[in-house]
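Structure file coords-v4.txt with compact mmCIF, C-alpha atoms and all ligand atoms:
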```txt
# COMPACT_ATOMS: atom_id res chain seq x y z
CA MET B 1 34.36 -123.57 15.42
CA ASN B 2 33.35 -125.83 18.23
CA PHE B 3 34.24 -123.08 20.64
CA ILE B 4 31.85 -120.66 18.87
CA LYS B 5 29.06 -123.27 18.78
CA LYS B 6 29.54 -123.92 22.44
CA HIS B 7 29.28 -120.22 23.32
CA LYS B 8 26.88 -119.07 20.68
CA LYS B 9 24.74 -117.03 23.08
CA LEU B 10 27.77 -115.09 24.23
CA PHE B 11 28.86 -114.47 20.64
CA ALA B 12 25.35 -113.33 19.70
CA VAL B 13 25.43 -110.75 22.51
CA LEU B 14 28.91 -109.59 21.48
CA LEU B 15 27.78 -109.28 17.86
CA VAL B 16 24.77 -107.15 18.84
CA LEU B 17 26.99 -104.91 20.99
CA ALA B 18 29.50 -104.55 18.16
CA LEU B 19 26.72 -103.59 15.76
CA ILE B 20 25.36 -100.99 18.18
CA TRP B 21 28.82 -99.53 18.78
CA GLY B 22 29.66 -99.56 15.06
CA GLY B 23 26.33 -97.96 14.20
CA ALA B 24 26.87 -95.21 16.76
CA PHE B 25 30.38 -94.59 15.42
CA ILE B 26 29.17 -94.36 11.82
CA TRP B 27 26.34 -92.06 12.93
CA THR B 28 28.89 -89.86 14.69
CA LEU B 29 31.01 -89.73 11.57
CA THR B 30 28.21 -88.95 9.16
CA ILE B 31 25.22 -87.15 10.61
CA MET B 32 26.40 -85.57 13.84
CA PRO B 33 25.90 -81.84 13.42
CA ASN B 34 28.85 -79.52 13.23
CA ARG B 35 29.38 -77.06 16.02
CA TYR B 36 27.15 -74.02 15.84
CA GLU B 37 28.86 -71.12 14.10
CA GLY B 38 26.26 -68.52 14.99
CA GLU B 39 24.70 -65.81 12.94
CA PRO B 40 27.17 -63.25 11.60
CA LEU B 41 27.42 -60.33 13.97
CA PRO B 42 28.30 -56.80 12.91
CA GLU B 43 31.97 -55.93 12.67
CA ALA B 44 33.48 -53.80 15.42
CA SER B 45 32.18 -50.24 15.19
CA GLU B 46 34.31 -47.16 14.75
CA GLY B 47 35.41 -44.96 17.65
CA GLU B 48 37.50 -45.13 20.78
CA VAL B 49 36.15 -46.71 23.98
CA ARG B 50 36.38 -44.67 27.17
CA LEU B 51 35.36 -45.31 30.75
CA THR B 52 33.77 -42.40 32.63
CA CYS B 53 33.36 -42.42 36.41
CA GLU B 54 31.41 -39.51 37.90
CA GLU B 55 30.68 -39.21 41.58
CA GLY B 56 27.26 -40.53 42.59
CA ALA B 57 26.57 -42.05 39.16
CA THR B 58 27.10 -45.47 37.65
CA PRO B 59 30.37 -45.67 35.66
CA TYR B 60 29.84 -46.00 31.94
CA LEU B 61 31.61 -47.07 28.78
CA ALA B 62 30.94 -45.17 25.56
CA LYS B 63 32.58 -44.75 22.17
CA TYR B 64 33.93 -41.42 20.94
CA SER B 65 35.01 -39.91 17.64
CA ALA B 66 38.44 -38.33 17.14
CA ASP B 67 36.91 -34.92 17.97
CA ASP B 68 35.47 -36.14 21.29
CA GLU B 69 31.87 -36.64 20.17
CA MET B 70 30.03 -39.54 21.81
CA LEU B 71 28.99 -41.90 19.00
CA GLU B 72 25.67 -43.62 18.37
CA VAL B 73 27.21 -46.97 17.39
CA PRO B 74 26.94 -50.62 18.51
CA PHE B 75 29.11 -51.87 21.36
CA LYS B 76 30.76 -55.27 21.18
CA LEU B 77 32.04 -57.45 24.01
CA ILE B 78 33.40 -60.97 24.22
CA THR B 79 33.39 -63.35 27.18
CA VAL B 80 35.94 -66.09 27.86
CA SER B 81 36.63 -68.16 30.97
CA ASP B 82 38.48 -70.86 32.84
CA SER B 83 42.05 -70.27 31.74
CA HIS B 84 43.28 -71.92 35.00
CA LEU B 85 46.68 -70.22 34.74
CA ILE B 86 49.29 -71.37 37.21
CA ASP B 87 52.61 -69.96 36.06
CA GLU B 88 54.47 -68.92 32.93
CA SER B 89 52.94 -71.90 31.07
CA GLY B 90 50.03 -69.59 30.37
CA ASP B 91 51.66 -68.65 27.08
CA ILE B 92 49.18 -70.91 25.24
CA PHE B 93 46.27 -69.05 26.77
CA PHE B 94 47.65 -65.63 25.85
CA GLU B 95 48.41 -66.79 22.33
CA LYS B 96 44.85 -68.12 21.80
CA LEU B 97 43.29 -65.08 23.41
CA ALA B 98 45.25 -62.80 21.08
CA ILE B 99 43.97 -64.81 18.07
CA LEU B 100 40.41 -64.47 19.31
CA LEU B 101 40.66 -60.74 20.00
CA ASP B 102 42.38 -60.01 16.67
CA ARG B 103 39.39 -61.57 14.94
CA SER B 104 36.63 -60.19 17.17
CA LYS B 105 37.97 -56.67 17.89
CA PRO B 106 35.73 -56.25 20.94
CA ASP B 107 35.24 -53.02 22.89
CA LEU B 108 35.37 -54.98 26.15
CA VAL B 109 36.63 -58.43 27.23
CA VAL B 110 34.84 -60.11 30.16
CA LEU B 111 36.69 -62.94 31.94
CA LEU B 112 34.23 -65.25 33.68
CA GLY B 113 36.39 -66.70 36.43
CA ASP B 114 38.81 -69.51 37.28
CA LEU B 115 41.49 -67.43 35.65
CA ILE B 116 44.56 -67.75 37.86
CA LEU B 117 44.80 -70.62 40.31
CA SER B 118 48.17 -69.85 41.78
CA GLY B 119 48.93 -67.40 44.49
CA LYS B 120 51.46 -65.73 42.24
CA GLU B 121 51.04 -62.04 41.72
CA ASP B 122 53.31 -61.98 38.67
CA VAL B 123 50.84 -64.16 36.72
CA GLN B 124 48.11 -61.68 37.60
CA ASN B 125 50.37 -58.83 36.49
CA LYS B 126 50.99 -60.62 33.22
CA LEU B 127 47.24 -60.70 32.55
CA ALA B 128 46.88 -56.97 33.24
CA ALA B 129 49.96 -56.23 31.09
CA PHE B 130 48.47 -58.20 28.19
CA PHE B 131 45.41 -55.93 28.12
CA GLU B 132 47.40 -52.76 28.73
CA GLU B 133 49.65 -53.52 25.80
CA ARG B 134 46.60 -53.94 23.55
CA GLU B 135 44.86 -50.90 25.10
CA GLN B 136 41.92 -53.21 25.64
CA TYR B 137 39.27 -52.65 28.31
CA TRP B 138 38.55 -55.77 30.35
CA SER B 139 36.71 -56.96 33.43
CA PHE B 140 36.34 -60.16 35.42
CA VAL B 141 34.39 -62.08 38.03
CA PRO B 142 36.05 -64.49 40.50
CA GLY B 143 35.84 -68.28 40.06
CA ASN B 144 35.84 -70.98 42.72
CA HIS B 145 39.51 -71.86 42.00
CA ASP B 146 40.87 -68.33 41.85
CA GLY B 147 43.55 -67.63 44.41
CA GLN B 148 43.22 -71.10 45.97
CA GLU B 149 46.96 -71.64 46.04
CA TYR B 150 47.72 -68.40 47.84
CA GLU B 151 50.05 -69.38 50.65
CA GLY B 152 49.77 -68.16 54.20
CA GLU B 153 45.97 -67.94 54.19
CA GLU B 154 43.75 -70.97 54.54
CA ASP B 155 40.34 -69.29 54.58
CA ARG B 156 38.88 -69.41 51.06
CA TYR B 157 37.02 -66.14 51.52
CA GLU B 158 40.24 -64.38 52.57
CA GLN B 159 42.12 -66.00 49.68
CA HIS B 160 39.51 -64.42 47.40
CA ARG B 161 39.96 -61.06 49.07
CA TRP B 162 43.71 -61.23 48.31
CA TRP B 163 43.10 -62.47 44.76
CA TYR B 164 40.54 -59.80 43.98
CA GLY B 165 42.84 -57.11 45.38
CA THR B 166 45.69 -58.08 43.09
CA MET B 167 43.47 -58.43 40.00
CA THR B 168 41.80 -55.05 40.05
CA GLY B 169 43.18 -51.55 39.66
CA SER B 170 45.08 -51.59 36.38
CA PRO B 171 44.20 -48.78 33.92
CA TYR B 172 42.11 -50.86 31.47
CA CYS B 173 40.38 -52.99 34.10
CA ILE B 174 36.83 -51.75 34.75
CA SER B 175 36.05 -54.13 37.65
CA PHE B 176 35.62 -52.63 41.09
CA ASP B 177 33.92 -53.59 44.34
CA GLU B 178 30.75 -51.57 44.65
CA GLY B 179 29.08 -53.13 47.64
CA GLY B 180 31.96 -53.25 50.14
CA ASP B 181 31.61 -55.48 53.17
CA GLU B 182 27.81 -55.18 53.19
CA VAL B 183 27.46 -57.12 49.96
CA ASN B 184 28.78 -60.71 49.87
CA GLY B 185 31.75 -61.48 47.60
CA PHE B 186 34.25 -59.39 45.68
CA GLY B 187 33.90 -57.25 42.60
CA ASN B 188 30.11 -57.01 42.51
CA CYS B 189 29.56 -53.95 40.34
CA ALA B 190 27.42 -52.39 37.63
CA VAL B 191 28.78 -50.61 34.56
CA ASN B 192 26.56 -48.98 31.92
CA ILE B 193 27.01 -48.69 28.19
CA ARG B 194 25.98 -45.32 26.87
CA THR B 195 25.32 -43.66 23.54
CA PRO B 196 23.87 -40.17 22.90
CA LYS B 197 20.42 -41.86 23.03
CA GLY B 198 20.92 -42.84 26.70
CA ILE B 199 21.96 -46.00 28.54
CA SER B 200 21.71 -48.93 26.15
CA GLN B 201 22.69 -51.74 28.55
CA THR B 202 23.84 -52.39 32.11
CA LEU B 203 26.54 -54.97 32.76
CA PHE B 204 26.20 -56.56 36.20
CA PHE B 205 29.24 -58.43 37.53
CA ILE B 206 28.35 -60.80 40.36
CA ASP B 207 30.66 -62.95 42.48
CA ASN B 208 28.99 -66.37 42.87
CA SER B 209 32.25 -68.29 43.15
CA LEU B 210 31.70 -69.51 46.72
CA ASN B 211 28.49 -70.17 48.61
CA SER B 212 27.78 -67.53 51.22
CA GLU B 213 27.49 -68.29 54.94
CA SER B 214 23.72 -68.60 54.51
CA GLY B 215 24.39 -71.44 52.00
CA HIS B 216 23.11 -69.50 49.02
CA ALA B 217 25.04 -69.58 45.74
CA ILE B 218 24.27 -65.88 45.43
CA ASP B 219 23.75 -64.25 48.81
CA ILE B 220 20.58 -62.32 49.72
CA SER B 221 22.77 -59.21 50.17
CA GLN B 222 23.81 -59.48 46.50
CA VAL B 223 20.24 -59.97 45.26
CA GLU B 224 19.13 -56.92 47.27
CA TRP B 225 22.05 -54.89 45.90
CA TYR B 226 21.11 -55.95 42.34
CA GLU B 227 17.48 -54.92 42.86
CA LYS B 228 18.52 -51.55 44.26
CA ARG B 229 20.91 -50.89 41.38
CA VAL B 230 18.35 -51.86 38.69
CA GLY B 231 16.05 -49.21 40.21
CA GLU B 232 18.77 -46.56 40.53
CA ILE B 233 19.97 -47.06 36.97
CA ALA B 234 16.39 -46.74 35.66
CA THR B 235 16.20 -43.40 37.52
CA GLU B 236 19.52 -42.33 35.89
CA ASN B 237 17.89 -43.24 32.57
CA GLY B 238 14.91 -40.90 33.00
CA GLY B 239 12.78 -43.55 34.70
CA GLU B 240 13.09 -46.09 31.91
CA LEU B 241 14.18 -49.64 32.77
CA VAL B 242 17.55 -50.54 31.18
CA PRO B 243 18.19 -53.99 29.63
CA SER B 244 20.99 -55.85 31.40
CA VAL B 245 23.32 -58.85 31.38
CA VAL B 246 24.56 -60.65 34.50
CA PHE B 247 28.10 -62.06 34.34
CA MET B 248 29.08 -64.72 36.89
CA HIS B 249 31.28 -67.79 37.20
CA ARG B 250 28.98 -70.64 38.21
CA PRO B 251 25.62 -71.46 36.63
CA LEU B 252 22.36 -70.77 38.44
CA GLU B 253 20.25 -73.73 39.53
CA GLU B 254 17.81 -72.68 36.78
CA TYR B 255 20.40 -73.85 34.21
CA GLN B 256 19.61 -77.39 35.36
CA TYR B 257 15.83 -76.88 35.25
CA ALA B 258 16.11 -75.34 31.79
CA TRP B 259 18.26 -78.18 30.44
CA ASP B 260 15.78 -80.75 31.81
CA LEU B 261 12.87 -78.92 30.16
CA VAL B 262 14.45 -78.75 26.68
CA PRO B 263 13.27 -82.26 25.62
CA LYS B 264 9.73 -81.38 26.76
CA GLY B 265 9.75 -78.24 24.63
CA GLU B 266 9.34 -76.02 27.68
CA ALA B 267 12.74 -74.35 27.25
CA GLU B 268 14.38 -73.48 23.93
CA LEU B 269 17.88 -74.77 23.18
CA VAL B 270 19.38 -72.21 20.80
CA TYR B 271 22.75 -73.98 20.50
CA GLY B 272 25.29 -76.12 22.33
CA ASP B 273 25.37 -79.14 24.58
CA CYS B 274 25.70 -79.94 28.29
CA ILE B 275 28.23 -82.73 28.46
CA GLU B 276 29.21 -82.18 32.09
CA GLU B 277 27.11 -82.16 35.22
CA ILE B 278 25.64 -78.71 35.86
CA GLU B 279 27.31 -77.78 39.13
CA TYR B 280 25.38 -74.83 40.51
CA GLY B 281 26.45 -75.28 44.11
CA GLY B 282 23.23 -74.12 45.70
CA GLY B 283 20.08 -72.12 45.14
CA SER B 284 19.52 -68.39 45.10
CA LEU B 285 16.70 -65.94 44.56
CA MET B 286 18.57 -64.27 41.70
CA PHE B 287 16.65 -65.71 38.76
CA GLU B 288 13.25 -65.06 40.32
CA LYS B 289 14.28 -61.51 41.13
CA ALA B 290 15.50 -60.95 37.57
CA LYS B 291 12.18 -62.19 36.22
CA GLU B 292 10.27 -59.96 38.60
CA LEU B 293 12.26 -56.83 37.72
CA GLY B 294 12.28 -57.47 33.96
CA SER B 295 15.67 -55.85 33.27
CA THR B 296 18.04 -58.81 32.78
CA HIS B 297 17.68 -60.62 29.47
CA THR B 298 20.84 -62.78 29.84
CA PHE B 299 22.85 -64.65 32.47
CA ILE B 300 26.22 -65.97 31.33
CA CYS B 301 28.74 -68.14 33.20
CA GLY B 302 31.80 -70.38 32.82
CA HIS B 303 32.85 -73.15 35.26
CA GLU B 304 31.84 -76.27 33.27
CA HIS B 305 34.41 -76.40 30.48
CA LYS B 306 32.52 -78.82 28.25
CA ASN B 307 29.11 -77.14 28.44
CA ASP B 308 28.36 -74.48 25.85
CA THR B 309 24.58 -74.10 25.76
CA ARG B 310 22.40 -71.09 25.16
CA ILE B 311 18.91 -71.91 26.46
CA ILE B 312 15.96 -69.52 26.64
CA TYR B 313 14.00 -70.27 29.81
CA GLY B 314 11.20 -68.09 31.17
CA GLY B 315 12.11 -65.47 28.55
CA ILE B 316 15.73 -65.20 29.78
CA ASN B 317 18.93 -66.46 28.10
CA LEU B 318 20.93 -68.86 30.27
CA ILE B 319 24.34 -69.23 28.61
CA TYR B 320 27.62 -71.04 29.15
CA THR B 321 30.39 -69.02 27.54
CA GLN B 322 32.89 -70.61 25.20
CA GLY B 323 36.20 -70.64 27.07
CA LEU B 324 39.95 -70.97 26.71
CA HIS B 325 40.73 -74.18 28.58
CA PHE B 326 44.08 -75.00 27.07
CA GLU B 327 45.82 -75.26 30.47
CA THR B 328 43.17 -77.63 31.80
CA TYR B 329 40.48 -80.03 30.58
CA GLY B 330 38.17 -79.06 27.74
CA ARG B 331 36.62 -80.64 24.70
CA SER B 332 39.76 -80.06 22.65
CA THR B 333 41.80 -82.16 25.10
CA ALA B 334 39.56 -85.29 24.77
CA MET B 335 41.25 -88.00 22.69
CA LYS B 336 38.04 -89.54 21.34
CA TRP B 337 36.95 -86.28 19.74
CA LYS B 338 40.42 -85.68 18.35
CA LEU B 339 40.26 -89.16 16.77
CA ILE B 340 36.80 -88.56 15.28
CA TYR B 341 37.96 -85.19 13.96
CA ALA B 342 41.02 -86.81 12.38
CA ILE B 343 38.74 -89.27 10.52
CA ASN B 344 36.10 -86.74 9.49
CA LYS B 345 36.87 -83.05 9.68
CA ASN B 346 33.14 -82.24 9.60
CA CYS B 347 32.74 -83.82 13.02
CA ASN B 348 34.04 -80.97 15.03
CA TRP B 349 33.26 -80.98 18.73
CA PHE B 350 35.79 -78.36 19.77
CA THR B 351 34.17 -75.41 21.40
CA GLU B 352 37.13 -73.39 22.67
CA GLY B 353 36.70 -69.71 21.98
CA GLY B 354 34.54 -66.90 23.31
CA THR B 355 30.95 -65.65 23.23
CA GLU B 356 30.28 -62.35 21.47
CA PHE B 357 27.62 -59.81 22.33
CA VAL B 358 26.67 -56.81 20.23
CA PHE B 359 24.50 -54.13 21.87
CA THR B 360 22.78 -51.57 19.68
CA PRO B 361 22.05 -47.99 20.81
CA ASP B 362 18.33 -48.95 20.91
CA GLY B 363 18.89 -51.57 23.64
CA GLU B 364 18.74 -54.56 21.30
CA TYR B 365 21.31 -57.36 21.54
CA GLN B 366 22.76 -60.19 19.48
CA ILE B 367 24.75 -63.14 20.85
CA ALA B 368 26.92 -65.71 19.05
CA PRO B 369 29.75 -68.12 19.89
CA ARG B 370 33.12 -67.52 18.28
CA TYR B 371 35.70 -70.29 18.00
CA ILE B 372 39.46 -70.47 17.87
CA PRO B 373 40.26 -71.33 14.23
CA LEU B 374 40.86 -75.07 13.88
CA ASP B 375 44.31 -74.60 12.43
CA TYR B 376 45.36 -73.41 15.87
CA PHE B 377 44.06 -76.35 17.91
CA PHE B 378 46.67 -78.99 17.43
CA TYR B 379 50.10 -77.55 17.20
CA THR B 380 50.37 -77.13 20.93
CA ARG B 381 49.45 -79.57 23.67
FE FE B 401 34.97 -73.15 38.32
```

With the file now loaded, output its structure as structure tokens.
Amino acid sequence: MNFIKKHKKLFAVLLVLALIWGGAFIWTLTIMPNRYEGEPLPEASEGEVRLTCEEGATPYLAKYSADDEMLEVPFKLITVSDSHLIDESGDIFFEKLAILLDRSKPDLVVLLGDLILSGKEDVQNKLAAFFEEREQYWSFVPGNHDGQEYEGEEDRYEQHRWWYGTMTGSPYCISFDEGGDEVNGFGNCAVNIRTPKGISQTLFFIDNSLNSESGHAIDISQVEWYEKRVGEIATENGGELVPSVVFMHRPLEEYQYAWDLVPKGEAELVYGDCIEEIEYGGGSLMFEKAKELGSTHTFICGHEHKNDTRIIYGGINLIYTQGLHFETYGRSTAMKWKLIYAINKNCNWFTEGGTEFVFTPDGEYQIAPRYIPLDYFFYTR
């Protein structure tokens, strides 16, 4: 007792700290919102997806009936990212991806980078074989870690060249390199979605995995290529501007501005949280160009495994995809959230999964996160 009397100031401070900590813990257990489940999106539409490449025109994906008629139906895609595969241990990733695709039944899967860290071609082949077996169209953009362990080549840009070369070319992979050496990066390309009504969307795939020599996160040559292609695709569409999505690995610097403006009410947080630092690497003119042209309604990236926001800023969606981070760090690997979940199953911070898009033939779109079912979180790792 004497000891407490002697140090009563210290004990008072400790008591206040304990009350604050306890209060925060109880708050977390009781009123913290559940993860966002999203509005229900339409089920996968009927028809078979096909890719058509005609000389001098933008390649397009469309859905067809059994008697070869192009269908006027919605098109569904799902994005995932950051699998960080190294070797055969990627079984967890493939297992979770299969669960996600069985539920979503997308027409296209878009992988948003940091997929395969090792320089091992057989892991890359395994990825292609997974999609071939499912007869599933897929595409990808490079991430900053992709190919980094490729031996015999120290230059990161050349490592990416090797990595991109081994990733592309399988029958269900729609990624290709449109710009060649004149456009910075690998696998920059545009693919349209078509219905009998015309082009409903353009999908732009942009490599922003490494800063260019000019220091830009997206090089001027890529922004110029994007502007040119937006114009050309509008011409292909009878002069009418086509709505588009830009897929990339790293966030734009505008993700940071948007996040900072949410509390002031100057940007709208639709869902999610930014738990990690927003690492955009450098600036670019991409966002300003997109605003000027008025085609792109959405940018979506991976890279930060614990960020999963959709923010509307300047009329454009800036989104972090849900990802499949089971081989690396993610929210599902953090002990504190596992503990909170074990105490109260309503407190669910786990965001691993994918982000779904549905495009209608009229050019409208819907977006919602989709999660790996909780039953599947804990029996591995
Ligand atoms: Fe990354």

Non-local contacts of Met167 in chain B (8 Å; all atoms listed in the file; under 5 positions in same chain excluded) as a PyMOL selection string: chain B and resi 124-125+128

Go through B:Val242, B:Gly353, B:Ala342, B:Cys301 one by one, measure the shortest atom-to-atom distance of each to Pro373 in chain B using only C-alpha atoms, and give the residue with the smallest value. B:Gly353

Smallest atom-to-atom distance to Gly185 in chain B: which of B:Glu154, B:Asp114, B:Asp219, B:Glu227, using all atoms listed in the file? B:Asp219

Please tabulate, as JSON lines, the residues of chain B that come within 10 Å of ligand FE 401 (chain B), each with its closest pair of atoms and the distance in Å to one decimal, counting all atoms listed in the file and ordering rows by chain, then residue number upward.
```
{"residue": "B:Ser81", "atom": "CA", "partner": "B:FE401", "partner_atom": "FE", "distance": 9.0}
{"residue": "B:Asp82", "atom": "CA", "partner": "B:FE401", "partner_atom": "FE", "distance": 6.9}
{"residue": "B:His84", "atom": "CA", "partner": "B:FE401", "partner_atom": "FE", "distance": 9.0}
{"residue": "B:Leu112", "atom": "CA", "partner": "B:FE401", "partner_atom": "FE", "distance": 9.2}
{"residue": "B:Gly113", "atom": "CA", "partner": "B:FE401", "partner_atom": "FE", "distance": 6.9}
{"residue": "B:Asp114", "atom": "CA", "partner": "B:FE401", "partner_atom": "FE", "distance": 5.4}
{"residue": "B:Leu115", "atom": "CA", "partner": "B:FE401", "partner_atom": "FE", "distance": 9.1}
{"residue": "B:Pro142", "atom": "CA", "partner": "B:FE401", "partner_atom": "FE", "distance": 9.0}
{"residue": "B:Gly143", "atom": "CA", "partner": "B:FE401", "partner_atom": "FE", "distance": 5.2}
{"residue": "B:Asn144", "atom": "CA", "partner": "B:FE401", "partner_atom": "FE", "distance": 5.0}
{"residue": "B:His145", "atom": "CA", "partner": "B:FE401", "partner_atom": "FE", "distance": 6.0}
{"residue": "B:Asp146", "atom": "CA", "partner": "B:FE401", "partner_atom": "FE", "distance": 8.4}
{"residue": "B:Ser209", "atom": "CA", "partner": "B:FE401", "partner_atom": "FE", "distance": 7.4}
{"residue": "B:Leu210", "atom": "CA", "partner": "B:FE401", "partner_atom": "FE", "distance": 9.7}
{"residue": "B:His249", "atom": "CA", "partner": "B:FE401", "partner_atom": "FE", "distance": 6.6}
{"residue": "B:Arg250", "atom": "CA", "partner": "B:FE401", "partner_atom": "FE", "distance": 6.5}
{"residue": "B:Pro251", "atom": "CA", "partner": "B:FE401", "partner_atom": "FE", "distance": 9.7}
{"residue": "B:Glu279", "atom": "CA", "partner": "B:FE401", "partner_atom": "FE", "distance": 9.0}
{"residue": "B:Tyr280", "atom": "CA", "partner": "B:FE401", "partner_atom": "FE", "distance": 10.0}
{"residue": "B:Cys301", "atom": "CA", "partner": "B:FE401", "partner_atom": "FE", "distance": 9.5}
{"residue": "B:Gly302", "atom": "CA", "partner": "B:FE401", "partner_atom": "FE", "distance": 6.9}
{"residue": "B:His303", "atom": "CA", "partner": "B:FE401", "partner_atom": "FE", "distance": 3.7}
{"residue": "B:Glu304", "atom": "CA", "partner": "B:FE401", "partner_atom": "FE", "distance": 6.7}
{"residue": "B:His305", "atom": "CA", "partner": "B:FE401", "partner_atom": "FE", "distance": 8.5}
```

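Atom to atom, CA of Asp122 in chain B and CA of Cys173 in chain B stand 16.4 Å apart.
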
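Of the listed residues (B:Leu51, B:Phe186, B:Val110, B:Ser175), B:Phe186 comes nearest to Arg161 in chain B; the distances count only C-alpha atoms.
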
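Across the structure, CA of Gly147 in chain B and CA of Thr328 in chain B are spaced 16.1 Å apart.
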
Restrict the calculation to all atoms listed in the file, then for each residue of range 294-326 of chain B with any atom at most 12 Å from an atom of range 362-365 of chain B give the closest atom pair and their distance in Å to one decimal, rows by chain and rising residue number, as a tab-separated table.
```
residue	atom	partner	partner_atom	distance
B:Ser295	CA	B:Gly363	CA	11.0
B:Thr296	CA	B:Gly363	CA	11.7
B:His297	CA	B:Tyr365	CA	9.3
B:Thr298	CA	B:Tyr365	CA	9.9
B:Asn317	CA	B:Tyr365	CA	11.5
```

Taking (29.8, -51.7, 17.4) in the coordinates of the supplied file, I want to know which residues reach to within 10 Å of it, counting only C-alpha atoms; could you give the answer as a PyMOL selection string? chain B and resi 41-47+63+71-77+105-107+357-361

Please produce an output containing C-alpha atoms for each residue in the selection, written as a PDB file, in the frame of the given file.
```
ATOM      1  CA  LEU B  41      27.420 -60.330  13.970  1.00  0.00           C
ATOM      2  CA  PRO B  42      28.300 -56.800  12.910  1.00  0.00           C
ATOM      3  CA  GLU B  43      31.970 -55.930  12.670  1.00  0.00           C
ATOM      4  CA  ALA B  44      33.480 -53.800  15.420  1.00  0.00           C
ATOM      5  CA  SER B  45      32.180 -50.240  15.190  1.00  0.00           C
ATOM      6  CA  GLU B  46      34.310 -47.160  14.750  1.00  0.00           C
ATOM      7  CA  GLY B  47      35.410 -44.960  17.650  1.00  0.00           C
ATOM      8  CA  LYS B  63      32.580 -44.750  22.170  1.00  0.00           C
ATOM      9  CA  LEU B  71      28.990 -41.900  19.000  1.00  0.00           C
ATOM     10  CA  GLU B  72      25.670 -43.620  18.370  1.00  0.00           C
ATOM     11  CA  VAL B  73      27.210 -46.970  17.390  1.00  0.00           C
ATOM     12  CA  PRO B  74      26.940 -50.620  18.510  1.00  0.00           C
ATOM     13  CA  PHE B  75      29.110 -51.870  21.360  1.00  0.00           C
ATOM     14  CA  LYS B  76      30.760 -55.270  21.180  1.00  0.00           C
ATOM     15  CA  LEU B  77      32.040 -57.450  24.010  1.00  0.00           C
ATOM     16  CA  LYS B 105      37.970 -56.670  17.890  1.00  0.00           C
ATOM     17  CA  PRO B 106      35.730 -56.250  20.940  1.00  0.00           C
ATOM     18  CA  ASP B 107      35.240 -53.020  22.890  1.00  0.00           C
ATOM     19  CA  PHE B 357      27.620 -59.810  22.330  1.00  0.00           C
ATOM     20  CA  VAL B 358      26.670 -56.810  20.230  1.00  0.00           C
ATOM     21  CA  PHE B 359      24.500 -54.130  21.870  1.00  0.00           C
ATOM     22  CA  THR B 360      22.780 -51.570  19.680  1.00  0.00           C
ATOM     23  CA  PRO B 361      22.050 -47.990  20.810  1.00  0.00           C
TER      24      PRO B 361
END
```

With a distance cut-off of 12 Å and all atoms listed in the file, select the neighbouring residues of Ala98 in chain B, excluding the residue or stretch itself and same-chain residues fewer than 5 positions from it, and output the selection as number ranges by chain. B: 80, 91-93, 103-106, 109, 127, 130-131, 133-134, 136, 324, 353-354, 372, 376

Nearest to Phe326 in chain B among B:Glu352, B:Lys5, B:Phe247, B:Gly22, with distances taken over only C-alpha atoms: which residue is it? B:Glu352

Quick one: pull the distance between CA of Gly294 in chain B and CA of Ala234 in chain B, Å, one decimal. 11.6 Å

Excluding Glu232 in chain B and any residue of its chain fewer than 3 positions from it, enumerate the residues within 12 Å of it, using all atoms listed in the file, and give them as an MDAnalysis selection string. chainID B and resid 56:58 190 192 202 225:229 235:242

Here is a test: counting only C-alpha atoms, which residue of B:Glu224, B:Asp87, B:Glu55, B:Glu253 is nearest to Val183 in chain B? B:Glu224

Using only C-alpha atoms and a cutoff of 7 Å, can you tell me which residues are near (36.0, -45.2, 21.7) in the file's coordinates, and write them out as a PDB file with C-alpha atoms, keeping the file's coordinate frame?
```pdb
ATOM      1  CA  GLY B  47      35.410 -44.960  17.650  1.00  0.00           C
ATOM      2  CA  GLU B  48      37.500 -45.130  20.780  1.00  0.00           C
ATOM      3  CA  VAL B  49      36.150 -46.710  23.980  1.00  0.00           C
ATOM      4  CA  ARG B  50      36.380 -44.670  27.170  1.00  0.00           C
ATOM      5  CA  ALA B  62      30.940 -45.170  25.560  1.00  0.00           C
ATOM      6  CA  LYS B  63      32.580 -44.750  22.170  1.00  0.00           C
ATOM      7  CA  TYR B  64      33.930 -41.420  20.940  1.00  0.00           C
ATOM      8  CA  SER B  65      35.010 -39.910  17.640  1.00  0.00           C
TER       9      SER B  65
END
```

Around all the atoms of range 331-339 of chain B listed in the file, with 4 Å of room on each side, what axis-aligned box do you get, giving centre and edge lengths in Å to one decimal, as AutoDock Vina command-line options?
```
--center_x 39.2 --center_y -84.8 --center_z 20.9 --size_x 13.2 --size_y 17.5 --size_z 16.3
```

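Minimum atom-to-atom distance to Thr355 in chain B, evaluated using only C-alpha atoms, belongs to B:Gly272 out of B:Gly198, B:Gly272, B:Gly315, B:Gly282.
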
Which residues, written as a PyMOL selection string, have at least one atom at most 8 Å from Gln148 in chain B, with only C-alpha atoms counted and residues fewer than 4 positions away on the same chain left out? chain B and resi 117-119+156+159-160
